[in-house]
Structure formats: structure tokens, C-alpha cells
Amino acid sequence: MPNEFTATVMTRHYEVDRMFRGELWVSGYPRNDVLVHCDASERKTLRKQIGIAGDNRPVILYAPTWRGSSKSQKFDVVKLLSDLENLGKIENAHVV
């Protein structure tokens with residue numbers, strides 16, 4: 001489970017608390033934790049890999065997600081282009 005709140009909600013919603021009396025391991029999101037919980041050496045390596053080594057400006061990661069299926073949602077190209085245009089206006093930061 002990513003956090004205590006999600007653990008509580010999920011165990012109640014799926015009634016896991018009625019079947020399982022043990023403890024849940026709250027461990028975070030493996031795919032996201034590396035972005036937030038890395039040390040200086042890892043940040044330096046990552047900055048080098050994406051071509052911004054030696055530049056300490058903040059990095060903004062744009063990683064939109066979609067829910068549902070391709071049948072239930074249409075891809076909004078206009079919104080995507082608008083988001084990218086607005087992100088391009090941000091000064092003193094790297095947008096990746």
C-alpha cells in the first residue's frame with residue numbers, strides 16, 4: 001500500500017479487513033518513490049542522463065496518466081497541446 005489512508009480505504013472498500021487480521025505493509029509506490037526519495041548521488045546521475053548535469057534548477061516532470069479504457073475515453077489532443085504550451089512558459093526550471 002502506498003500510504004496509511006489508501007490502506008484504510010482499500011481494506012474497507014474491498015472488505016479485506018473482514019478476512020485478513022494481519023498487518024499491511026505501507027511501502028509507497030515503487031514507480032514514483034525513486035522520483036522523490038533519492039539521494040544526491042542518484043539525482044546527479046539522473047540529471048546527467050537527461051542532459052542537465054551541472055544545472056541545479058528545479059525539474060518538473062510532466063507525466064499525465066489516463067484512467068479507464070481507450071473505449072471509454074477520448075484522447076484530448078487540444079488539452080495536451082495546451083498543457084505543453086503552458087509548461088513551456090515556465091522559467092527557471094526544466095520541464096521533462
# chains A, B, ... in the order shown; residues from 1 in each chain; ligands from 1
>>> residues_around(residues="A:Leu24", least_positions_apart="6", cutoff="12 Å", atoms="only C-alpha atoms", output="VMD selection string")
chain A and resid 1 to 8 10 to 11 16 to 17
>>> select_by_dssp(residues="chain A", states="strand (DSSP E or B)", output="list in words")
Val59, Ile60, His94 and Val95 of chain A
>>> write_last_selection(atoms="C-alpha atoms", output="tab-separated table (two decimals), in the first residue's frame")
chain	number	residue	atom	x	y	z
A	59	VAL	CA	12.92	19.76	-12.57
A	60	ILE	CA	9.21	19.50	-13.31
A	94	HIS	CA	13.48	22.17	-16.52
A	95	VAL	CA	10.27	20.57	-17.76
>>> residues_around(residues="stretch 44-57 of chain A", least_positions_apart="3", cutoff="8 Å", atoms="only C-alpha atoms", output="PDB file with C-alpha atoms, in the first residue's frame")
ATOM      1  CA  ALA A  40      22.261  13.459  -4.070  1.00  0.00           C
ATOM      2  CA  SER A  41      24.280  10.861  -5.974  1.00  0.00           C
ATOM      3  CA  ASN A  92      13.992  28.876 -14.231  1.00  0.00           C
ATOM      4  CA  ALA A  93      13.060  25.183 -14.293  1.00  0.00           C
ATOM      5  CA  HIS A  94      13.479  22.168 -16.516  1.00  0.00           C
TER       6      HIS A  94
END
>>> select_by_dssp(residues="chain A", states="helix (DSSP H, G or I)", output="ChimeraX atom specification")
/A:4-13,16-19,30-36,40-49,77-88
>>> write_last_selection(atoms="N, CA and C atoms", output="short mmCIF file (atom, residue, chain, number, x, y, z; two decimals), in the first residue's frame")
data_model
loop_
_atom_site.label_atom_id
_atom_site.label_comp_id
_atom_site.auth_asym_id
_atom_site.auth_seq_id
_atom_site.Cartn_x
_atom_site.Cartn_y
_atom_site.Cartn_z
N GLU A 4 -0.97 5.21 4.56
CA GLU A 4 -1.95 4.74 5.56
C GLU A 4 -3.39 5.00 5.11
N PHE A 5 -3.64 6.16 4.53
CA PHE A 5 -5.00 6.49 4.09
C PHE A 5 -5.50 5.49 3.05
N THR A 6 -4.69 5.23 2.04
CA THR A 6 -5.07 4.28 1.00
C THR A 6 -5.26 2.89 1.58
N ALA A 7 -4.40 2.50 2.49
CA ALA A 7 -4.53 1.18 3.13
C ALA A 7 -5.87 1.06 3.84
N THR A 8 -6.25 2.09 4.57
CA THR A 8 -7.53 2.07 5.29
C THR A 8 -8.70 2.02 4.32
N VAL A 9 -8.70 2.88 3.32
CA VAL A 9 -9.81 2.92 2.36
C VAL A 9 -9.92 1.61 1.59
N MET A 10 -8.81 1.10 1.09
CA MET A 10 -8.85 -0.12 0.28
C MET A 10 -9.28 -1.34 1.09
N THR A 11 -8.80 -1.45 2.31
CA THR A 11 -9.17 -2.63 3.10
C THR A 11 -10.65 -2.59 3.47
N ARG A 12 -11.19 -1.41 3.68
CA ARG A 12 -12.63 -1.31 3.98
C ARG A 12 -13.47 -1.50 2.72
N HIS A 13 -13.07 -0.85 1.62
CA HIS A 13 -13.85 -0.92 0.38
C HIS A 13 -13.96 -2.35 -0.14
N VAL A 16 -11.40 -6.33 2.93
CA VAL A 16 -10.24 -7.14 3.30
C VAL A 16 -10.15 -7.25 4.82
N ASP A 17 -10.57 -6.18 5.51
CA ASP A 17 -10.50 -6.18 6.97
C ASP A 17 -11.38 -7.26 7.60
N ARG A 18 -12.34 -7.77 6.86
CA ARG A 18 -13.19 -8.86 7.38
C ARG A 18 -12.53 -10.23 7.21
N MET A 19 -11.58 -10.33 6.29
CA MET A 19 -10.94 -11.62 6.00
C MET A 19 -9.52 -11.71 6.53
N PRO A 30 6.41 2.05 -5.81
CA PRO A 30 7.75 1.82 -6.36
C PRO A 30 8.06 2.67 -7.59
N ARG A 31 7.08 2.88 -8.45
CA ARG A 31 7.37 3.62 -9.69
C ARG A 31 7.56 5.11 -9.44
N ASN A 32 7.03 5.63 -8.32
CA ASN A 32 7.13 7.06 -8.05
C ASN A 32 8.14 7.42 -6.96
N ASP A 33 8.36 6.52 -6.02
CA ASP A 33 9.21 6.83 -4.88
C ASP A 33 10.62 7.24 -5.29
N VAL A 34 11.14 6.64 -6.33
CA VAL A 34 12.50 6.97 -6.77
C VAL A 34 12.59 8.44 -7.20
N LEU A 35 11.48 9.02 -7.61
CA LEU A 35 11.48 10.42 -8.03
C LEU A 35 11.56 11.38 -6.85
N VAL A 36 11.09 10.94 -5.71
CA VAL A 36 11.01 11.80 -4.54
C VAL A 36 12.06 11.45 -3.48
N ALA A 40 21.57 12.51 -3.18
CA ALA A 40 22.26 13.46 -4.07
C ALA A 40 22.98 12.76 -5.21
N SER A 41 23.56 11.61 -4.94
CA SER A 41 24.28 10.86 -5.97
C SER A 41 23.32 10.38 -7.07
N GLU A 42 22.17 9.89 -6.66
CA GLU A 42 21.17 9.43 -7.64
C GLU A 42 20.64 10.60 -8.46
N ARG A 43 20.40 11.75 -7.80
CA ARG A 43 19.94 12.94 -8.54
C ARG A 43 20.98 13.38 -9.56
N LYS A 44 22.24 13.36 -9.16
CA LYS A 44 23.32 13.76 -10.06
C LYS A 44 23.37 12.85 -11.28
N THR A 45 23.26 11.55 -11.06
CA THR A 45 23.27 10.57 -12.16
C THR A 45 22.08 10.80 -13.08
N LEU A 46 20.90 10.99 -12.51
CA LEU A 46 19.70 11.20 -13.32
C LEU A 46 19.81 12.49 -14.13
N ARG A 47 20.28 13.55 -13.52
CA ARG A 47 20.44 14.82 -14.24
C ARG A 47 21.41 14.66 -15.41
N LYS A 48 22.47 13.89 -15.20
CA LYS A 48 23.43 13.64 -16.28
C LYS A 48 22.76 12.86 -17.41
N GLN A 49 21.96 11.86 -17.05
CA GLN A 49 21.30 11.02 -18.06
C GLN A 49 20.33 11.82 -18.93
N VAL A 77 -6.27 15.86 -27.47
CA VAL A 77 -5.04 16.42 -28.03
C VAL A 77 -4.95 17.91 -27.76
N VAL A 78 -6.07 18.62 -27.82
CA VAL A 78 -6.07 20.06 -27.60
C VAL A 78 -5.59 20.38 -26.18
N LYS A 79 -6.08 19.62 -25.20
CA LYS A 79 -5.65 19.84 -23.81
C LYS A 79 -4.17 19.51 -23.65
N LEU A 80 -3.73 18.42 -24.25
CA LEU A 80 -2.32 18.05 -24.17
C LEU A 80 -1.44 19.16 -24.73
N LEU A 81 -1.79 19.67 -25.90
CA LEU A 81 -1.01 20.75 -26.51
C LEU A 81 -1.04 22.01 -25.65
N SER A 82 -2.19 22.31 -25.06
CA SER A 82 -2.31 23.47 -24.17
C SER A 82 -1.43 23.29 -22.94
N ASP A 83 -1.46 22.10 -22.35
CA ASP A 83 -0.62 21.81 -21.18
C ASP A 83 0.85 22.00 -21.53
N LEU A 84 1.27 21.44 -22.65
CA LEU A 84 2.68 21.54 -23.06
C LEU A 84 3.08 22.98 -23.34
N GLU A 85 2.18 23.74 -23.95
CA GLU A 85 2.46 25.15 -24.23
C GLU A 85 2.63 25.92 -22.93
N ASN A 86 1.74 25.68 -21.97
CA ASN A 86 1.83 26.37 -20.68
C ASN A 86 3.08 25.95 -19.91
N LEU A 87 3.41 24.68 -19.96
CA LEU A 87 4.63 24.22 -19.29
C LEU A 87 5.87 24.85 -19.91
N GLY A 88 5.83 25.08 -21.21
CA GLY A 88 6.95 25.71 -21.90
C GLY A 88 7.19 27.15 -21.48
#
>>> atom_distance(atom1="atom CA of A:Lys89", atom2="atom CA of A:Thr65")
21.7 Å
>>> closest_residue(among="A:Cys38, A:Gly28, A:Ile90, A:Val96", to="A:Ala63", atoms="only C-alpha atoms")
A:Val96
>>> atom_distance(atom1="atom CA of A:Phe75", atom2="atom CA of A:Tyr29")
25.7 Å
